[in-house]
$ cat data.pdb   # PDB, N, CA and C atoms
ATOM      1  N   MET A   1      -1.301 264.977  17.530
ATOM      2  CA  MET A   1      -1.181 264.254  18.779
ATOM      3  C   MET A   1      -2.244 263.159  18.857
ATOM      4  N   HIS A   2      -3.476 263.554  18.608
ATOM      5  CA  HIS A   2      -4.585 262.611  18.682
ATOM      6  C   HIS A   2      -4.393 261.472  17.691
ATOM      7  N   GLU A   3      -4.025 261.830  16.482
ATOM      8  CA  GLU A   3      -3.833 260.816  15.450
ATOM      9  C   GLU A   3      -2.665 259.894  15.811
ATOM     10  N   ASP A   4      -1.584 260.472  16.327
ATOM     11  CA  ASP A   4      -0.434 259.658  16.724
ATOM     12  C   ASP A   4      -0.819 258.644  17.799
ATOM     13  N   GLU A   5      -1.571 259.083  18.792
ATOM     14  CA  GLU A   5      -1.995 258.180  19.861
ATOM     15  C   GLU A   5      -2.924 257.098  19.326
ATOM     16  N   THR A   6      -3.819 257.477  18.441
ATOM     17  CA  THR A   6      -4.788 256.524  17.910
ATOM     18  C   THR A   6      -4.102 255.427  17.100
ATOM     19  N   ILE A   7      -3.132 255.797  16.304
ATOM     20  CA  ILE A   7      -2.406 254.822  15.489
ATOM     21  C   ILE A   7      -1.738 253.768  16.369
ATOM     22  N   LEU A   8      -1.324 254.157  17.577
ATOM     23  CA  LEU A   8      -0.649 253.227  18.489
ATOM     24  C   LEU A   8      -1.610 252.326  19.262
ATOM     25  N   CYS A   9      -2.899 252.564  19.153
ATOM     26  CA  CYS A   9      -3.890 251.785  19.882
ATOM     27  C   CYS A   9      -3.816 250.309  19.453
ATOM     28  N   PRO A  10      -3.704 249.395  20.403
ATOM     29  CA  PRO A  10      -3.572 247.977  20.060
ATOM     30  C   PRO A  10      -4.895 247.290  19.709
ATOM     31  N   PHE A  11      -6.005 248.002  19.842
ATOM     32  CA  PHE A  11      -7.320 247.405  19.580
ATOM     33  C   PHE A  11      -7.867 247.936  18.255
ATOM     34  N   PRO A  12      -7.829 247.105  17.202
ATOM     35  CA  PRO A  12      -8.217 247.566  15.867
ATOM     36  C   PRO A  12      -9.607 248.196  15.800
ATOM     37  N   GLU A  13     -10.591 247.602  16.472
ATOM     38  CA  GLU A  13     -11.957 248.151  16.391
ATOM     39  C   GLU A  13     -12.004 249.563  16.955
ATOM     40  N   ARG A  14     -11.364 249.765  18.096
ATOM     41  CA  ARG A  14     -11.324 251.095  18.715
ATOM     42  C   ARG A  14     -10.581 252.084  17.830
ATOM     43  N   LYS A  15      -9.448 251.631  17.322
ATOM     44  CA  LYS A  15      -8.623 252.496  16.482
ATOM     45  C   LYS A  15      -9.419 253.005  15.283
ATOM     46  N   TYR A  16     -10.084 252.112  14.569
ATOM     47  CA  TYR A  16     -10.807 252.510  13.368
ATOM     48  C   TYR A  16     -12.023 253.365  13.695
ATOM     49  N   GLU A  17     -12.659 253.101  14.822
ATOM     50  CA  GLU A  17     -13.804 253.915  15.218
ATOM     51  C   GLU A  17     -13.359 255.330  15.589
ATOM     52  N   VAL A  18     -12.263 255.450  16.299
ATOM     53  CA  VAL A  18     -11.748 256.775  16.657
ATOM     54  C   VAL A  18     -11.348 257.538  15.394
ATOM     55  N   LEU A  19     -10.686 256.867  14.472
ATOM     56  CA  LEU A  19     -10.303 257.523  13.219
ATOM     57  C   LEU A  19     -11.537 257.945  12.423
ATOM     58  N   ARG A  20     -12.576 257.117  12.431
ATOM     59  CA  ARG A  20     -13.819 257.468  11.737
ATOM     60  C   ARG A  20     -14.468 258.684  12.379
ATOM     61  N   LEU A  21     -14.540 258.683  13.706
ATOM     62  CA  LEU A  21     -15.147 259.808  14.418
ATOM     63  C   LEU A  21     -14.347 261.098  14.229
ATOM     64  N   ALA A  22     -13.050 260.970  14.053
ATOM     65  CA  ALA A  22     -12.206 262.150  13.856
ATOM     66  C   ALA A  22     -12.575 262.905  12.583
ATOM     67  N   THR A  23     -13.189 262.209  11.636
ATOM     68  CA  THR A  23     -13.589 262.890  10.399
ATOM     69  C   THR A  23     -14.721 263.888  10.653
ATOM     70  N   LEU A  24     -15.368 263.786  11.807
ATOM     71  CA  LEU A  24     -16.447 264.718  12.156
ATOM     72  C   LEU A  24     -15.930 266.031  12.751
ATOM     73  N   CYS A  25     -14.655 266.062  13.076
ATOM     74  CA  CYS A  25     -14.085 267.259  13.707
ATOM     75  C   CYS A  25     -14.176 268.464  12.775
ATOM     76  N   LYS A  26     -14.597 269.565  13.337
ATOM     77  CA  LYS A  26     -14.708 270.800  12.563
ATOM     78  C   LYS A  26     -13.460 271.663  12.692
ATOM     79  N   VAL A  27     -12.688 271.453  13.748
ATOM     80  CA  VAL A  27     -11.482 272.237  13.988
ATOM     81  C   VAL A  27     -10.304 271.295  14.175
ATOM     82  N   TRP A  28      -9.258 271.521  13.427
ATOM     83  CA  TRP A  28      -8.016 270.775  13.577
ATOM     84  C   TRP A  28      -6.965 271.745  14.082
ATOM     85  N   VAL A  29      -6.234 271.355  15.086
ATOM     86  CA  VAL A  29      -5.230 272.224  15.676
ATOM     87  C   VAL A  29      -3.854 271.702  15.294
ATOM     88  N   GLY A  30      -3.100 272.538  14.620
ATOM     89  CA  GLY A  30      -1.759 272.152  14.214
ATOM     90  C   GLY A  30      -0.731 272.578  15.243
ATOM     91  N   PRO A  31       0.497 272.159  15.055
ATOM     92  CA  PRO A  31       1.539 272.522  16.007
ATOM     93  C   PRO A  31       1.785 274.032  15.999
ATOM     94  N   GLU A  32       1.757 274.613  17.168
ATOM     95  CA  GLU A  32       1.983 276.049  17.337
ATOM     96  C   GLU A  32       2.910 276.245  18.530
ATOM     97  N   GLU A  33       3.754 277.221  18.467
ATOM     98  CA  GLU A  33       4.675 277.518  19.565
ATOM     99  C   GLU A  33       3.913 277.817  20.855
ATOM    100  N   GLU A  34       2.806 278.521  20.749
ATOM    101  CA  GLU A  34       2.011 278.866  21.933
ATOM    102  C   GLU A  34       1.469 277.605  22.624
ATOM    103  N   ILE A  35       1.074 276.619  21.840
ATOM    104  CA  ILE A  35       0.587 275.356  22.407
ATOM    105  C   ILE A  35       1.720 274.666  23.161
ATOM    106  N   TYR A  36       2.885 274.646  22.566
ATOM    107  CA  TYR A  36       4.046 274.036  23.210
ATOM    108  C   TYR A  36       4.340 274.715  24.552
ATOM    109  N   LYS A  37       4.332 276.039  24.556
ATOM    110  CA  LYS A  37       4.617 276.789  25.790
ATOM    111  C   LYS A  37       3.550 276.537  26.852
ATOM    112  N   LEU A  38       2.282 276.523  26.435
ATOM    113  CA  LEU A  38       1.200 276.227  27.378
ATOM    114  C   LEU A  38       1.362 274.831  27.965
ATOM    115  N   ALA A  39       1.638 273.871  27.113
ATOM    116  CA  ALA A  39       1.794 272.482  27.566
ATOM    117  C   ALA A  39       2.936 272.371  28.584
ATOM    118  N   LYS A  40       4.045 273.023  28.307
ATOM    119  CA  LYS A  40       5.173 272.994  29.242
ATOM    120  C   LYS A  40       4.784 273.617  30.578
ATOM    121  N   SER A  41       4.008 274.696  30.534
ATOM    122  CA  SER A  41       3.603 275.342  31.788
ATOM    123  C   SER A  41       2.635 274.444  32.561
ATOM    124  N   PHE A  42       1.759 273.716  31.861
ATOM    125  CA  PHE A  42       0.832 272.795  32.529
ATOM    126  C   PHE A  42       1.597 271.647  33.187
ATOM    127  N   GLN A  43       2.643 271.186  32.526
ATOM    128  CA  GLN A  43       3.472 270.132  33.105
ATOM    129  C   GLN A  43       4.130 270.635  34.392
ATOM    130  N   LYS A  44       4.661 271.844  34.323
ATOM    131  CA  LYS A  44       5.382 272.402  35.470
ATOM    132  C   LYS A  44       4.436 272.761  36.620
ATOM    133  N   LYS A  45       3.345 273.449  36.315
ATOM    134  CA  LYS A  45       2.416 273.906  37.358
ATOM    135  C   LYS A  45       1.548 272.795  37.921
ATOM    136  N   GLY A  46       1.090 271.896  37.030
ATOM    137  CA  GLY A  46       0.114 270.903  37.454
ATOM    138  C   GLY A  46       0.607 269.481  37.530
ATOM    139  N   GLY A  47       1.868 269.249  37.174
ATOM    140  CA  GLY A  47       2.387 267.882  37.198
ATOM    141  C   GLY A  47       1.699 266.985  36.182
ATOM    142  N   ILE A  48       1.229 267.579  35.107
ATOM    143  CA  ILE A  48       0.481 266.852  34.078
ATOM    144  C   ILE A  48       1.456 266.211  33.093
ATOM    145  N   SER A  49       1.151 264.993  32.644
ATOM    146  CA  SER A  49       2.029 264.305  31.694
ATOM    147  C   SER A  49       2.120 265.093  30.390
ATOM    148  N   ALA A  50       3.169 264.842  29.629
ATOM    149  CA  ALA A  50       3.397 265.572  28.380
ATOM    150  C   ALA A  50       2.221 265.441  27.409
ATOM    151  N   LYS A  51       1.743 264.222  27.198
ATOM    152  CA  LYS A  51       0.634 264.015  26.253
ATOM    153  C   LYS A  51      -0.633 264.718  26.729
ATOM    154  N   ASP A  52      -0.965 264.564  28.003
ATOM    155  CA  ASP A  52      -2.163 265.210  28.537
ATOM    156  C   ASP A  52      -2.032 266.727  28.483
ATOM    157  N   ALA A  53      -0.833 267.219  28.744
ATOM    158  CA  ALA A  53      -0.603 268.663  28.701
ATOM    159  C   ALA A  53      -0.816 269.213  27.296
ATOM    160  N   VAL A  54      -0.398 268.463  26.286
ATOM    161  CA  VAL A  54      -0.601 268.907  24.901
ATOM    162  C   VAL A  54      -2.091 268.945  24.574
ATOM    163  N   HIS A  55      -2.839 267.925  24.967
ATOM    164  CA  HIS A  55      -4.286 267.917  24.712
ATOM    165  C   HIS A  55      -4.952 269.118  25.379
ATOM    166  N   LEU A  56      -4.610 269.362  26.619
ATOM    167  CA  LEU A  56      -5.183 270.472  27.376
ATOM    168  C   LEU A  56      -4.781 271.814  26.765
ATOM    169  N   ALA A  57      -3.532 271.939  26.361
ATOM    170  CA  ALA A  57      -3.051 273.179  25.743
ATOM    171  C   ALA A  57      -3.761 273.447  24.417
ATOM    172  N   CYS A  58      -4.020 272.411  23.643
ATOM    173  CA  CYS A  58      -4.756 272.582  22.381
ATOM    174  C   CYS A  58      -6.163 273.112  22.643
ATOM    175  N   ALA A  59      -6.814 272.559  23.658
ATOM    176  CA  ALA A  59      -8.171 273.012  24.005
ATOM    177  C   ALA A  59      -8.150 274.475  24.436
ATOM    178  N   CYS A  60      -7.163 274.857  25.215
ATOM    179  CA  CYS A  60      -7.034 276.263  25.631
ATOM    180  C   CYS A  60      -6.765 277.156  24.431
ATOM    181  N   TYR A  61      -5.898 276.706  23.560
ATOM    182  CA  TYR A  61      -5.496 277.480  22.384
ATOM    183  C   TYR A  61      -6.694 277.841  21.501
ATOM    184  N   VAL A  62      -7.619 276.898  21.337
ATOM    185  CA  VAL A  62      -8.778 277.163  20.480
ATOM    186  C   VAL A  62      -9.937 277.798  21.246
ATOM    187  N   GLY A  63      -9.771 277.994  22.558
ATOM    188  CA  GLY A  63     -10.812 278.637  23.354
ATOM    189  C   GLY A  63     -11.992 277.727  23.650
ATOM    190  N   ALA A  64     -11.724 276.446  23.861
ATOM    191  CA  ALA A  64     -12.793 275.492  24.157
ATOM    192  C   ALA A  64     -13.514 275.881  25.451
ATOM    193  N   ASP A  65     -14.805 275.638  25.478
ATOM    194  CA  ASP A  65     -15.601 275.895  26.679
ATOM    195  C   ASP A  65     -15.507 274.729  27.659
ATOM    196  N   VAL A  66     -15.318 273.523  27.104
ATOM    197  CA  VAL A  66     -15.309 272.305  27.920
ATOM    198  C   VAL A  66     -14.192 271.384  27.429
ATOM    199  N   PHE A  67     -13.515 270.750  28.375
ATOM    200  CA  PHE A  67     -12.498 269.740  28.079
ATOM    201  C   PHE A  67     -12.992 268.441  28.690
ATOM    202  N   LEU A  68     -13.209 267.432  27.858
ATOM    203  CA  LEU A  68     -13.737 266.155  28.335
ATOM    204  C   LEU A  68     -12.644 265.100  28.382
ATOM    205  N   THR A  69     -12.615 264.354  29.484
ATOM    206  CA  THR A  69     -11.676 263.244  29.622
ATOM    207  C   THR A  69     -12.241 262.228  30.597
ATOM    208  N   GLY A  70     -11.930 260.984  30.362
ATOM    209  CA  GLY A  70     -12.329 259.925  31.285
ATOM    210  C   GLY A  70     -11.267 259.667  32.343
ATOM    211  N   ASP A  71     -10.216 260.450  32.326
ATOM    212  CA  ASP A  71      -9.089 260.286  33.244
ATOM    213  C   ASP A  71      -9.326 261.139  34.494
ATOM    214  N   ASP A  72      -9.748 260.500  35.586
ATOM    215  CA  ASP A  72     -10.053 261.228  36.819
ATOM    216  C   ASP A  72      -8.844 261.985  37.364
ATOM    217  N   ARG A  73      -7.688 261.403  37.218
ATOM    218  CA  ARG A  73      -6.471 262.073  37.703
ATOM    219  C   ARG A  73      -6.230 263.364  36.927
ATOM    220  N   LEU A  74      -6.401 263.314  35.608
ATOM    221  CA  LEU A  74      -6.222 264.511  34.783
ATOM    222  C   LEU A  74      -7.259 265.573  35.139
ATOM    223  N   ILE A  75      -8.481 265.153  35.404
ATOM    224  CA  ILE A  75      -9.522 266.109  35.782
ATOM    225  C   ILE A  75      -9.082 266.877  37.035
ATOM    226  N   LYS A  76      -8.603 266.166  38.041
ATOM    227  CA  LYS A  76      -8.149 266.813  39.288
ATOM    228  C   LYS A  76      -6.964 267.737  39.033
ATOM    229  N   GLN A  77      -6.003 267.260  38.264
ATOM    230  CA  GLN A  77      -4.822 268.072  37.980
ATOM    231  C   GLN A  77      -5.189 269.330  37.198
ATOM    232  N   ALA A  78      -6.016 269.175  36.182
ATOM    233  CA  ALA A  78      -6.382 270.309  35.328
ATOM    234  C   ALA A  78      -7.238 271.332  36.075
ATOM    235  N   LYS A  79      -8.109 270.864  36.947
ATOM    236  CA  LYS A  79      -8.937 271.799  37.721
ATOM    237  C   LYS A  79      -8.095 272.682  38.624
ATOM    238  N   ARG A  80      -6.987 272.159  39.100
ATOM    239  CA  ARG A  80      -6.084 272.954  39.952
ATOM    240  C   ARG A  80      -5.441 274.103  39.187
ATOM    241  N   LEU A  81      -5.408 274.009  37.857
ATOM    242  CA  LEU A  81      -4.828 275.077  37.042
ATOM    243  C   LEU A  81      -5.763 276.282  36.923
ATOM    244  N   LYS A  82      -7.024 276.100  37.320
ATOM    245  CA  LYS A  82      -8.034 277.167  37.286
ATOM    246  C   LYS A  82      -8.130 277.815  35.895
ATOM    247  N   LEU A  83      -8.352 276.983  34.904
ATOM    248  CA  LEU A  83      -8.491 277.445  33.526
ATOM    249  C   LEU A  83      -9.900 277.997  33.300
ATOM    250  N   GLU A  84     -10.097 278.674  32.200
ATOM    251  CA  GLU A  84     -11.386 279.291  31.909
ATOM    252  C   GLU A  84     -12.390 278.336  31.281
ATOM    253  N   MET A  85     -12.056 277.074  31.154
ATOM    254  CA  MET A  85     -12.991 276.104  30.594
ATOM    255  C   MET A  85     -13.354 275.073  31.658
ATOM    256  N   GLU A  86     -14.504 274.462  31.475
ATOM    257  CA  GLU A  86     -14.913 273.389  32.384
ATOM    258  C   GLU A  86     -14.135 272.127  32.020
ATOM    259  N   ILE A  87     -13.770 271.373  33.023
ATOM    260  CA  ILE A  87     -13.047 270.127  32.808
ATOM    261  C   ILE A  87     -13.863 269.034  33.474
ATOM    262  N   MET A  88     -14.319 268.072  32.670
ATOM    263  CA  MET A  88     -15.202 267.050  33.230
ATOM    264  C   MET A  88     -15.171 265.746  32.464
ATOM    265  N   ASN A  89     -15.779 264.750  33.070
ATOM    266  CA  ASN A  89     -15.952 263.430  32.506
ATOM    267  C   ASN A  89     -17.079 263.508  31.455
ATOM    268  N   PRO A  90     -16.958 262.803  30.330
ATOM    269  CA  PRO A  90     -18.004 262.841  29.305
ATOM    270  C   PRO A  90     -19.392 262.445  29.821
ATOM    271  N   VAL A  91     -19.449 261.483  30.734
ATOM    272  CA  VAL A  91     -20.746 261.054  31.277
ATOM    273  C   VAL A  91     -21.384 262.196  32.069
ATOM    274  N   ASP A  92     -20.589 262.889  32.881
ATOM    275  CA  ASP A  92     -21.104 264.029  33.643
ATOM    276  C   ASP A  92     -21.558 265.141  32.709
ATOM    277  N   TYR A  93     -20.845 265.326  31.616
ATOM    278  CA  TYR A  93     -21.219 266.351  30.637
ATOM    279  C   TYR A  93     -22.578 266.038  30.023
ATOM    280  N   ILE A  94     -22.776 264.787  29.648
ATOM    281  CA  ILE A  94     -24.070 264.390  29.053
ATOM    282  C   ILE A  94     -25.201 264.569  30.054
ATOM    283  N   ARG A  95     -24.953 264.174  31.291
ATOM    284  CA  ARG A  95     -25.964 264.360  32.338
ATOM    285  C   ARG A  95     -26.320 265.829  32.510
ATOM    286  N   GLN A  96     -25.298 266.672  32.512
ATOM    287  CA  GLN A  96     -25.495 268.120  32.669
ATOM    288  C   GLN A  96     -26.313 268.686  31.519
ATOM    289  N   GLU A  97     -25.972 268.286  30.308
ATOM    290  CA  GLU A  97     -26.649 268.798  29.124
ATOM    291  C   GLU A  97     -28.091 268.282  29.022
ATOM    292  N   ALA A  98     -28.308 267.046  29.477
ATOM    293  CA  ALA A  98     -29.643 266.461  29.397
ATOM    294  C   ALA A  98     -30.560 266.997  30.504
ATOM    295  N   GLY A  99     -29.953 267.433  31.601
ATOM    296  CA  GLY A  99     -30.739 267.880  32.750
ATOM    297  C   GLY A  99     -31.203 269.252  32.619
TER     298      GLY A  99
END
$ encode --input "data.pdb" --output "structure tokens"
Amino acid sequence: MHEDETILCPFPERKYEVLRLATLCKVWVGPEEEIYKLAKSFQKKGGISAKDAVHLACACYVGADVFLTGDDRLIKQAKRLKLEMEIMNPVDYIRQEAG
């Protein structure tokens, strides 16, 4: 999902930087039926878009402690799902960790 979205990015500098940073990932999540089912439930319960639901479902699937996004609307929608992970903006996360 992440790679598919990145390839479609119209800004070459951003695209290549995201692809470079992706090489630092320690965990890669492949397509799983459970992820699909979670994503569908997030769409239904939270009104979350398909792409955002897949990202959120992947984070749940791997047991992430924190889900970071710059999308304020997604943060509000995901928090309503009352998941076991924190959902926040990357800037707020850095502030929290530094404080």
$ resolve_selection --input "data.pdb" --expression "the PyMOL selection byres ((chain A and resi 68) around 7)" --output "VMD selection string"
chain A and resid 66 to 67 69 to 71 86 to 90
$ atom_distance --input "data.pdb" --atom1 "atom C of A:Tyr93" --atom2 "atom C of A:Cys9"
26.7 Å
$ select_by_dssp --input "data.pdb" --residues "chain A" --states "helix (DSSP H, G or I)" --output "PyMOL selection string"
chain A and resi 2-7+12-22+33-46+50-61+72-80+90-98
$ residues_around --input "data.pdb" --residues "stretch 58-62 of chain A" --least-positions-apart "5" --cutoff "8 Å" --atoms "all atoms listed in the file" --output "JSON, numbers by chain"
{"A": [29, 30, 34, 35, 36, 38, 39, 52, 53, 67, 84, 85]}
$ write_last_selection --input "data.pdb" --atoms "N, CA and C atoms" --output "short mmCIF file (atom, residue, chain, number, x, y, z; two decimals), in the frame of the given file"
data_model
loop_
_atom_site.label_atom_id
_atom_site.label_comp_id
_atom_site.auth_asym_id
_atom_site.auth_seq_id
_atom_site.Cartn_x
_atom_site.Cartn_y
_atom_site.Cartn_z
N VAL A 29 -6.23 271.36 15.09
CA VAL A 29 -5.23 272.22 15.68
C VAL A 29 -3.85 271.70 15.29
N GLY A 30 -3.10 272.54 14.62
CA GLY A 30 -1.76 272.15 14.21
C GLY A 30 -0.73 272.58 15.24
N GLU A 34 2.81 278.52 20.75
CA GLU A 34 2.01 278.87 21.93
C GLU A 34 1.47 277.60 22.62
N ILE A 35 1.07 276.62 21.84
CA ILE A 35 0.59 275.36 22.41
C ILE A 35 1.72 274.67 23.16
N TYR A 36 2.88 274.65 22.57
CA TYR A 36 4.05 274.04 23.21
C TYR A 36 4.34 274.71 24.55
N LEU A 38 2.28 276.52 26.44
CA LEU A 38 1.20 276.23 27.38
C LEU A 38 1.36 274.83 27.96
N ALA A 39 1.64 273.87 27.11
CA ALA A 39 1.79 272.48 27.57
C ALA A 39 2.94 272.37 28.58
N ASP A 52 -0.96 264.56 28.00
CA ASP A 52 -2.16 265.21 28.54
C ASP A 52 -2.03 266.73 28.48
N ALA A 53 -0.83 267.22 28.74
CA ALA A 53 -0.60 268.66 28.70
C ALA A 53 -0.82 269.21 27.30
N PHE A 67 -13.52 270.75 28.38
CA PHE A 67 -12.50 269.74 28.08
C PHE A 67 -12.99 268.44 28.69
N GLU A 84 -10.10 278.67 32.20
CA GLU A 84 -11.39 279.29 31.91
C GLU A 84 -12.39 278.34 31.28
N MET A 85 -12.06 277.07 31.15
CA MET A 85 -12.99 276.10 30.59
C MET A 85 -13.35 275.07 31.66
#
$ atom_distance --input "data.pdb" --atom1 "atom CA of A:Lys40" --atom2 "atom CA of A:Ala22"
25.6 Å
